[in-house]
>>> print(open('coords_19.pdb').read())   # PDB, C-alpha atoms
ATOM      1  CA  MET A  94      -2.449   2.886   8.246
ATOM      2  CA  THR A  95      -1.719  -0.826   8.109
ATOM      3  CA  LEU A  96      -2.761  -3.370  10.736
ATOM      4  CA  SER A  97      -2.314  -3.722  14.464
ATOM      5  CA  LEU A  98      -3.469  -6.569  16.686
ATOM      6  CA  ARG A  99      -4.293  -6.825  20.365
ATOM      7  CA  THR A 100      -5.181  -9.964  22.282
ATOM      8  CA  GLU A 101      -6.945 -10.417  25.603
ATOM      9  CA  GLN A 102      -8.231 -13.363  27.577
ATOM     10  CA  PRO A 103     -11.464 -12.084  29.162
ATOM     11  CA  ALA A 104     -12.486 -15.534  30.473
ATOM     12  CA  ALA A 105     -11.116 -19.054  30.646
ATOM     13  CA  GLY A 106     -11.475 -20.779  27.278
ATOM     14  CA  ARG A 107     -12.049 -17.499  25.500
ATOM     15  CA  ILE A 108      -9.578 -15.322  23.614
ATOM     16  CA  MET A 109     -10.342 -11.890  22.218
ATOM     17  CA  LEU A 110      -8.427 -10.734  19.147
ATOM     18  CA  ALA A 111      -8.916  -7.063  18.253
ATOM     19  CA  LEU A 112      -7.915  -5.800  14.796
ATOM     20  CA  ASP A 113      -7.175  -2.202  13.911
ATOM     21  CA  GLY A 114      -6.535  -0.938  10.384
ATOM     22  CA  ARG A 115      -6.673  -2.915   7.161
ATOM     23  CA  LEU A 116      -6.563  -6.669   6.577
ATOM     24  CA  ASP A 117      -5.400  -7.032   2.984
ATOM     25  CA  ALA A 118      -2.777  -8.641   0.740
ATOM     26  CA  SER A 119      -0.016  -6.636   2.447
ATOM     27  CA  THR A 120      -1.010  -7.367   6.081
ATOM     28  CA  PHE A 121      -2.626 -10.830   6.144
ATOM     29  CA  GLY A 122       0.740 -12.541   6.808
ATOM     30  CA  GLU A 123       1.080 -10.609  10.060
ATOM     31  CA  PHE A 124      -2.445 -11.625  11.054
ATOM     32  CA  ASP A 125      -1.846 -15.302  10.187
ATOM     33  CA  ALA A 126       1.371 -15.349  12.253
ATOM     34  CA  ALA A 127      -0.408 -13.798  15.260
ATOM     35  CA  VAL A 128      -3.219 -16.346  14.928
ATOM     36  CA  GLN A 129      -0.755 -19.234  14.796
ATOM     37  CA  ALA A 130       0.884 -18.021  18.018
ATOM     38  CA  LEU A 131      -2.523 -17.512  19.638
ATOM     39  CA  LEU A 132      -3.965 -20.905  18.725
ATOM     40  CA  SER A 133      -1.280 -22.766  20.621
ATOM     41  CA  GLY A 134      -2.825 -21.267  23.798
ATOM     42  CA  VAL A 135      -6.440 -22.097  22.958
ATOM     43  CA  ALA A 136      -7.860 -25.150  24.706
ATOM     44  CA  ASP A 137      -9.970 -27.720  22.876
ATOM     45  CA  GLY A 138     -13.523 -26.433  22.582
ATOM     46  CA  GLY A 139     -12.435 -22.833  23.197
ATOM     47  CA  THR A 140     -13.751 -19.670  21.596
ATOM     48  CA  VAL A 141     -11.911 -16.950  19.678
ATOM     49  CA  VAL A 142     -13.765 -13.646  19.505
ATOM     50  CA  VAL A 143     -12.533 -11.390  16.710
ATOM     51  CA  ASP A 144     -13.335  -7.761  17.519
ATOM     52  CA  LEU A 145     -13.579  -5.771  14.276
ATOM     53  CA  ALA A 146     -14.590  -2.397  15.751
ATOM     54  CA  ALA A 147     -11.433  -0.748  14.401
ATOM     55  CA  LEU A 148     -10.979  -2.835  11.251
ATOM     56  CA  GLU A 149     -11.923  -0.419   8.522
ATOM     57  CA  TYR A 150     -11.161  -2.516   5.450
ATOM     58  CA  ILE A 151     -10.854  -6.129   4.351
ATOM     59  CA  SER A 152     -10.034  -7.664   0.964
ATOM     60  CA  SER A 153     -10.131 -11.263  -0.296
ATOM     61  CA  ALA A 154      -6.715 -11.924   1.296
ATOM     62  CA  GLY A 155      -8.257 -11.077   4.685
ATOM     63  CA  LEU A 156     -11.305 -13.252   3.998
ATOM     64  CA  ARG A 157      -8.995 -16.200   3.326
ATOM     65  CA  SER A 158      -7.196 -15.531   6.639
ATOM     66  CA  PHE A 159     -10.538 -15.563   8.488
ATOM     67  CA  ALA A 160     -11.393 -18.855   6.777
ATOM     68  CA  ARG A 161      -8.055 -20.372   7.896
ATOM     69  CA  LEU A 162      -8.625 -19.214  11.485
ATOM     70  CA  ARG A 163     -12.162 -20.615  11.528
ATOM     71  CA  LYS A 164     -10.982 -23.900  10.031
ATOM     72  CA  SER A 165      -8.260 -24.244  12.703
ATOM     73  CA  MET A 166     -10.754 -23.515  15.476
ATOM     74  CA  ARG A 167     -13.249 -25.975  14.044
ATOM     75  CA  ALA A 168     -10.528 -28.658  14.067
ATOM     76  CA  ARG A 169     -10.242 -27.993  17.848
ATOM     77  CA  ASN A 170     -14.010 -28.300  18.325
ATOM     78  CA  GLY A 171     -13.959 -24.578  19.012
ATOM     79  CA  HIS A 172     -15.783 -21.504  17.733
ATOM     80  CA  THR A 173     -14.815 -18.281  16.012
ATOM     81  CA  LEU A 174     -17.174 -15.365  16.573
ATOM     82  CA  LEU A 175     -16.990 -11.992  14.828
ATOM     83  CA  VAL A 176     -18.194  -8.823  16.533
ATOM     84  CA  ASN A 177     -18.522  -5.093  15.705
ATOM     85  CA  LEU A 178     -18.275  -5.313  11.905
ATOM     86  CA  GLN A 179     -17.796  -1.939  10.213
ATOM     87  CA  PRO A 180     -19.720  -1.146   6.995
ATOM     88  CA  GLN A 181     -17.020  -2.082   4.468
ATOM     89  CA  VAL A 182     -16.183  -5.322   6.278
ATOM     90  CA  ARG A 183     -19.853  -6.293   6.591
ATOM     91  CA  LYS A 184     -20.455  -5.563   2.913
ATOM     92  CA  VAL A 185     -17.499  -7.682   1.747
ATOM     93  CA  LEU A 186     -18.414 -10.600   4.043
ATOM     94  CA  ASP A 187     -22.017 -10.412   2.770
ATOM     95  CA  ILE A 188     -21.036 -10.478  -0.914
ATOM     96  CA  VAL A 189     -19.136 -13.757  -0.586
ATOM     97  CA  LYS A 190     -21.342 -15.188   2.212
ATOM     98  CA  ALA A 191     -18.104 -15.645   4.159
ATOM     99  CA  VAL A 192     -19.429 -16.842   7.516
ATOM    100  CA  PRO A 193     -22.696 -18.258   8.922
ATOM    101  CA  LEU A 194     -24.849 -15.441  10.306
ATOM    102  CA  ASN A 195     -25.050 -17.039  13.750
ATOM    103  CA  GLU A 196     -21.313 -16.420  14.202
ATOM    104  CA  VAL A 197     -21.594 -12.659  13.607
ATOM    105  CA  PHE A 198     -22.629 -10.215  16.349
ATOM    106  CA  ALA A 199     -23.494  -6.541  16.005
ATOM    107  CA  SER A 200     -22.185  -5.616  19.453
ATOM    108  CA  VAL A 201     -20.297  -6.940  22.477
ATOM    109  CA  GLN A 202     -23.598  -6.918  24.448
ATOM    110  CA  GLU A 203     -25.218  -9.206  21.877
ATOM    111  CA  LEU A 204     -22.143 -11.441  21.933
ATOM    112  CA  ASP A 205     -22.081 -11.593  25.754
ATOM    113  CA  ALA A 206     -25.773 -12.531  25.853
ATOM    114  CA  TYR A 207     -25.052 -15.366  23.411
ATOM    115  CA  LEU A 208     -22.026 -16.619  25.372
ATOM    116  CA  ASP A 209     -24.066 -16.459  28.609
ATOM    117  CA  ARG A 210     -26.776 -18.610  27.004
ATOM    118  CA  ILE A 211     -24.153 -21.151  25.893
ATOM    119  CA  GLN A 212     -22.658 -21.130  29.397
ATOM    120  CA  GLN A 213     -26.124 -21.738  30.936
ATOM    121  CA  GLN A 214     -26.704 -24.641  28.564
ATOM    122  CA  VAL A 215     -23.375 -26.189  29.516
ATOM    123  CA  LEU A 216     -24.144 -25.786  33.245
ATOM    124  CA  ARG A 217     -27.635 -27.263  32.790
ATOM    125  CA  ALA A 218     -26.246 -30.203  30.841
ATOM    126  CA  ASP A 219     -23.641 -30.758  33.612
ATOM    127  CA  ALA A 220     -26.351 -30.588  36.307
ATOM    128  CA  GLU A 221     -28.527 -33.067  34.416
ATOM    129  CA  GLY A 222     -25.513 -35.310  33.951
ATOM    130  CA  ASP A 223     -24.822 -35.162  37.723
ATOM    131  CA  ALA A 224     -28.511 -35.861  38.523
ATOM    132  CA  ALA A 225     -28.400 -38.945  36.283
ATOM    133  CA  ASP A 226     -25.341 -40.326  38.114
TER     134      ASP A 226
ATOM    135  CA  MET B 107     -13.471  18.006 -18.901
ATOM    136  CA  PRO B 108     -12.657  15.763 -15.926
ATOM    137  CA  ALA B 109     -12.085  17.672 -12.711
ATOM    138  CA  HIS B 110      -9.450  15.285 -11.471
ATOM    139  CA  VAL B 111      -7.066  12.940 -13.276
ATOM    140  CA  LEU B 112      -4.454  10.681 -11.744
ATOM    141  CA  ASP B 113      -1.768   8.881 -13.762
ATOM    142  CA  LEU B 114       0.311   6.288 -11.916
ATOM    143  CA  THR B 115       2.564   3.370 -12.824
ATOM    144  CA  ALA B 116       4.089   0.542 -10.814
ATOM    145  CA  ARG B 117       6.298  -2.462 -11.401
ATOM    146  CA  PRO B 118       4.454  -5.716 -10.718
ATOM    147  CA  HIS B 119       5.661  -6.033  -7.101
ATOM    148  CA  LEU B 120       3.311  -5.962  -4.111
ATOM    149  CA  PRO B 121       5.005  -3.085  -2.223
ATOM    150  CA  GLU B 122       4.810  -0.890  -5.334
ATOM    151  CA  VAL B 123       1.207  -1.834  -5.965
ATOM    152  CA  PHE B 124       0.342  -0.866  -2.380
ATOM    153  CA  ARG B 125       2.168   2.449  -2.685
ATOM    154  CA  LEU B 126       0.070   3.135  -5.749
ATOM    155  CA  LEU B 127      -3.127   2.115  -3.924
ATOM    156  CA  GLU B 128      -2.328   4.477  -1.041
ATOM    157  CA  HIS B 129      -1.711   7.344  -3.429
ATOM    158  CA  CYS B 130      -4.938   6.726  -5.370
ATOM    159  CA  ASP B 131      -7.006   6.287  -2.192
ATOM    160  CA  ALA B 132      -5.658   9.459  -0.552
ATOM    161  CA  SER B 133      -6.267  11.444  -3.711
ATOM    162  CA  LEU B 134      -9.888  10.263  -4.115
ATOM    163  CA  ARG B 135     -10.665  10.932  -0.446
ATOM    164  CA  GLN B 136      -9.178  14.387  -0.736
ATOM    165  CA  SER B 137     -11.376  15.062  -3.762
ATOM    166  CA  GLY B 138     -14.463  14.600  -1.543
ATOM    167  CA  LEU B 139     -15.579  11.257  -2.996
ATOM    168  CA  ALA B 140     -17.938   9.372  -0.632
ATOM    169  CA  ALA B 141     -16.028   7.134   1.785
ATOM    170  CA  ASP B 142     -17.886   3.948   0.799
ATOM    171  CA  LEU B 143     -17.097   4.520  -2.861
ATOM    172  CA  CYS B 144     -13.417   5.150  -2.006
ATOM    173  CA  ASP B 145     -13.432   1.762  -0.240
ATOM    174  CA  ASP B 146     -14.984   0.041  -3.269
ATOM    175  CA  VAL B 147     -12.404   1.571  -5.625
ATOM    176  CA  ARG B 148      -9.572   0.547  -3.324
ATOM    177  CA  LEU B 149     -10.837  -3.021  -3.029
ATOM    178  CA  VAL B 150     -11.375  -3.472  -6.770
ATOM    179  CA  LEU B 151      -7.925  -2.068  -7.573
ATOM    180  CA  GLU B 152      -6.257  -4.171  -4.875
ATOM    181  CA  GLU B 153      -7.859  -7.384  -6.146
ATOM    182  CA  LEU B 154      -7.030  -6.682  -9.784
ATOM    183  CA  MET B 155      -3.453  -5.505  -9.233
ATOM    184  CA  VAL B 156      -2.549  -8.230  -6.717
ATOM    185  CA  ASN B 157      -3.867 -10.708  -9.273
ATOM    186  CA  MET B 158      -1.602  -9.142 -11.914
ATOM    187  CA  VAL B 159       1.413  -9.453  -9.592
ATOM    188  CA  GLU B 160       0.715 -13.004  -8.429
ATOM    189  CA  HIS B 161      -0.555 -14.536 -11.670
ATOM    190  CA  GLY B 162      -0.027 -12.182 -14.599
ATOM    191  CA  HIS B 163       3.651 -11.590 -13.865
ATOM    192  CA  ALA B 164       4.613 -14.678 -11.846
ATOM    193  CA  PRO B 165       7.349 -15.349 -10.856
ATOM    194  CA  PRO B 166       7.194 -11.978  -9.081
ATOM    195  CA  ALA B 167      10.641 -10.898 -10.210
ATOM    196  CA  GLU B 168       9.468 -10.832 -13.824
ATOM    197  CA  PRO B 169       9.729  -7.299 -15.237
ATOM    198  CA  GLY B 170       6.678  -5.442 -16.429
ATOM    199  CA  THR B 171       4.480  -2.427 -15.876
ATOM    200  CA  ILE B 172       1.086  -1.760 -14.378
ATOM    201  CA  ALA B 173      -0.404   1.568 -15.414
ATOM    202  CA  LEU B 174      -3.377   3.172 -13.712
ATOM    203  CA  GLN B 175      -5.362   6.193 -14.778
ATOM    204  CA  VAL B 176      -8.172   7.458 -12.571
ATOM    205  CA  GLN B 177     -10.613  10.149 -13.653
ATOM    206  CA  ARG B 178     -12.967  11.708 -11.167
ATOM    207  CA  LEU B 179     -16.066  12.792 -13.119
ATOM    208  CA  ALA B 180     -19.084  14.610 -11.698
ATOM    209  CA  ASP B 181     -21.200  11.447 -11.550
ATOM    210  CA  ALA B 182     -18.639   8.634 -11.706
ATOM    211  CA  VAL B 183     -15.095   7.417 -11.239
ATOM    212  CA  LEU B 184     -13.590   6.103 -14.460
ATOM    213  CA  ILE B 185     -10.503   3.900 -14.275
ATOM    214  CA  ASP B 186      -8.187   2.572 -16.963
ATOM    215  CA  LEU B 187      -5.912  -0.194 -15.775
ATOM    216  CA  HIS B 188      -3.275  -1.700 -18.056
ATOM    217  CA  ASP B 189      -0.702  -4.390 -17.532
ATOM    218  CA  ASP B 190       1.689  -6.179 -19.860
ATOM    219  CA  GLY B 191       1.466  -9.586 -18.184
ATOM    220  CA  ARG B 192      -0.264 -12.787 -19.265
ATOM    221  CA  PRO B 193      -3.740 -12.481 -20.771
ATOM    222  CA  PHE B 194      -6.429 -12.431 -18.105
ATOM    223  CA  ASP B 195     -10.052 -11.465 -18.635
ATOM    224  CA  PRO B 196     -11.791 -11.082 -15.245
ATOM    225  CA  LEU B 197     -15.156 -11.278 -17.005
ATOM    226  CA  GLN B 198     -14.431 -14.861 -18.070
ATOM    227  CA  ALA B 199     -13.250 -16.125 -14.657
ATOM    228  CA  GLN B 200     -15.308 -18.909 -13.064
ATOM    229  CA  PRO B 201     -17.440 -17.673 -10.148
ATOM    230  CA  PRO B 202     -16.441 -19.187  -6.791
ATOM    231  CA  ALA B 203     -18.520 -21.937  -5.175
ATOM    232  CA  LEU B 204     -20.100 -20.039  -2.266
ATOM    233  CA  THR B 205     -21.627 -22.326   0.360
ATOM    234  CA  GLY B 206     -22.311 -19.649   2.973
ATOM    235  CA  ASP B 207     -19.111 -20.516   4.829
ATOM    236  CA  LEU B 208     -15.652 -19.950   3.349
ATOM    237  CA  ALA B 209     -14.166 -22.375   5.878
ATOM    238  CA  ASP B 210     -16.055 -25.290   4.273
ATOM    239  CA  ALA B 211     -13.716 -25.732   1.318
ATOM    240  CA  GLU B 212     -10.007 -26.547   1.380
ATOM    241  CA  GLN B 213      -9.413 -23.315  -0.509
ATOM    242  CA  VAL B 214     -11.880 -21.005  -2.228
ATOM    243  CA  GLY B 215     -10.469 -19.471  -5.403
ATOM    244  CA  GLY B 216     -11.867 -16.552  -7.367
ATOM    245  CA  LEU B 217     -13.068 -14.535  -4.353
ATOM    246  CA  GLY B 218     -11.252 -11.383  -5.374
ATOM    247  CA  ILE B 219     -12.589 -11.361  -8.913
ATOM    248  CA  HIS B 220     -16.096 -12.103  -7.606
ATOM    249  CA  LEU B 221     -15.811  -9.022  -5.368
ATOM    250  CA  VAL B 222     -14.608  -6.968  -8.336
ATOM    251  CA  ARG B 223     -17.576  -7.985 -10.472
ATOM    252  CA  SER B 224     -19.997  -7.338  -7.605
ATOM    253  CA  LEU B 225     -18.727  -3.839  -6.833
ATOM    254  CA  VAL B 226     -18.125  -2.174 -10.215
ATOM    255  CA  SER B 227     -20.892  -0.433 -12.141
ATOM    256  CA  ASP B 228     -19.279  -1.441 -15.430
ATOM    257  CA  LEU B 229     -16.197  -3.390 -16.504
ATOM    258  CA  GLU B 230     -14.755  -3.843 -19.994
ATOM    259  CA  TYR B 231     -11.786  -5.986 -20.963
ATOM    260  CA  ARG B 232      -9.650  -5.799 -24.050
ATOM    261  CA  ARG B 233      -6.447  -7.666 -24.912
ATOM    262  CA  GLY B 234      -4.229  -5.585 -27.193
ATOM    263  CA  PRO B 235      -0.614  -5.725 -28.374
ATOM    264  CA  GLN B 236       0.422  -3.882 -25.171
ATOM    265  CA  GLY B 237      -1.304  -6.384 -22.875
ATOM    266  CA  ASN B 238      -4.483  -6.353 -20.798
ATOM    267  CA  HIS B 239      -6.681  -3.258 -20.739
ATOM    268  CA  LEU B 240      -9.471  -2.841 -18.245
ATOM    269  CA  ARG B 241     -11.915   0.046 -18.197
ATOM    270  CA  ILE B 242     -13.826   0.250 -14.947
ATOM    271  CA  ARG B 243     -16.660   2.581 -14.036
ATOM    272  CA  PHE B 244     -18.107   3.322 -10.615
ATOM    273  CA  ASP B 245     -21.310   5.367 -10.676
ATOM    274  CA  ALA B 246     -21.284   8.008  -7.968
ATOM    275  CA  THR B 247     -24.776   9.387  -8.454
ATOM    276  CA  ASP B 248     -26.531   7.344  -5.757
ATOM    277  CA  ARG B 249     -23.820   7.919  -3.185
ATOM    278  CA  THR B 250     -23.895  10.478  -0.446
ATOM    279  CA  GLU B 251     -20.928  12.679   0.302
ATOM    280  CA  PRO B 252     -19.156  11.748   3.549
ATOM    281  CA  ARG B 253     -19.396  15.221   5.068
ATOM    282  CA  PRO B 254     -20.821  18.626   4.103
TER     283      PRO B 254
END
>>> encode(input="coords_19.pdb", output="structure tokens")
Amino acid sequence: MTLSLRTEQPAAGRIMLALDGRLDASTFGEFDAAVQALLSGVADGGTVVVDLAALEYISSAGLRSFARLRKSMRARNGHTLLVNLQPQVRKVLDIVKAVPLNEVFASVQELDAYLDRIQQQVLRADAEGDAAD
Amino acid sequence: MPAHVLDLTARPHLPEVFRLLEHCDASLRQSGLAADLCDDVRLVLEELMVNMVEHGHAPPAEPGTIALQVQRLADAVLIDLHDDGRPFDPLQAQPPALTGDLADAEQVGGLGIHLVRSLVSDLEYRRGPQGNHLRIRFDATDRTEPRP
């Protein structure tokens, strides 16, 4: 098995990228190309959710791809969130302390709760802004 | 007497290295080795062999040979990995600067070798007239079998 990618847009400003297979020195180019195509459609301040439920293996080549994606999103004032890490992927990310822990979610439910909280904060900030006007 | 021995060679080209990885991985899984240990072996071999292709034998068209021998022992996996490229001792490589976020730095080097050193139970390096020789051991005693 190699790598396959699926993208979805579950909400405005949010893109879901689901990986299936292995992200390694033979497949990272495919991933990087898909990310490049995807990023052109991501608005400033948007969020990319990377669903790793079916990613069974990652090597350092894949870690570098994740770093490039996160760097690109950061340059757009956006966020990259990882969800559903499988044991090998979690272990490898842990060893190199690849990403801040607050960007990693054990499940879609946990992720949704987080995104809801962010959404509430944005709405509250907007309401307060309107009240001040 | 080892129950299971695998002898494989590849030219220092990525597609050949990945063919060899597939073969080794399938063979270890078939032998009943725990899935997490199979993953560790695959990762360590990928990092080391990709390094040989990209640095030891660069430019990639340079001829050469990577030879891999894998022995499945009762309590360990023992690997001998040879290549006739430039001298490279993974034990002497500088550890990467890990800040807790790989996206902090422009580029983080040495990740692969750091993973190798973190995952093996033992690693020995020797440079001989035939090139680089690595002997790698993965202890299998504290691992559980994937299925009965």
>>> resolve_selection(input="coords_19.pdb", expression="the PyMOL selection byres ((chain A and resi 102) around 12)", output="PyMOL selection string")
chain A and resi 99-101+103-111+131+134-135+139-143
>>> interface_residues(input="coords_19.pdb", of="chain B", to="chain A", cutoff="8 Å", atoms="all atoms listed in the file", output="short mmCIF file (atom, residue, chain, number, x, y, z; two decimals) with C-alpha atoms, keeping the file's coordinate frame")
data_model
loop_
_atom_site.label_atom_id
_atom_site.label_comp_id
_atom_site.auth_asym_id
_atom_site.auth_seq_id
_atom_site.Cartn_x
_atom_site.Cartn_y
_atom_site.Cartn_z
CA LEU B 120 3.31 -5.96 -4.11
CA PRO B 121 5.00 -3.08 -2.22
CA PHE B 124 0.34 -0.87 -2.38
CA ASP B 142 -17.89 3.95 0.80
CA ASP B 145 -13.43 1.76 -0.24
CA LEU B 149 -10.84 -3.02 -3.03
CA GLU B 152 -6.26 -4.17 -4.88
CA GLU B 153 -7.86 -7.38 -6.15
CA VAL B 156 -2.55 -8.23 -6.72
CA LEU B 204 -20.10 -20.04 -2.27
CA THR B 205 -21.63 -22.33 0.36
CA GLY B 206 -22.31 -19.65 2.97
CA ASP B 207 -19.11 -20.52 4.83
CA LEU B 208 -15.65 -19.95 3.35
CA ALA B 209 -14.17 -22.38 5.88
CA ASP B 210 -16.06 -25.29 4.27
CA VAL B 214 -11.88 -21.00 -2.23
CA LEU B 217 -13.07 -14.54 -4.35
CA GLY B 218 -11.25 -11.38 -5.37
CA HIS B 220 -16.10 -12.10 -7.61
CA LEU B 221 -15.81 -9.02 -5.37
CA SER B 224 -20.00 -7.34 -7.60
#
>>> closest_residue(input="coords_19.pdb", among="A:Val176, A:Leu145, A:Met166, A:Leu116", to="Ser133 (chain A)", atoms="all atoms listed in the file")
A:Met166
>>> resolve_selection(input="coords_19.pdb", expression="the PyMOL selection byres ((chain A and resi 148) around 7)", output="NGL selection string")
:A and (112-115 or 145-147 or 149-150 or 179)
>>> atom_distance(input="coords_19.pdb", atom1="CA of Cys144 (chain B)", atom2="CA of Met158 (chain B)")
21.0 Å
>>> closest_residue(input="coords_19.pdb", among="A:Leu132, A:Ile211, A:Ala206, A:Val197", to="Arg183 (chain A)", atoms="all atoms listed in the file")
A:Val197
>>> resolve_selection(input="coords_19.pdb", expression="the PyMOL selection byres ((chain B and resi 178-190) around 9)", output="MDAnalysis selection string")
chainID B and resid 107:112 118 134 137 139 147 151 154:155 158 162:163 170:177 191:193 235:248
>>> atom_distance(input="coords_19.pdb", atom1="CA of Arg210 (chain A)", atom2="CA of Asp137 (chain A)")
19.6 Å
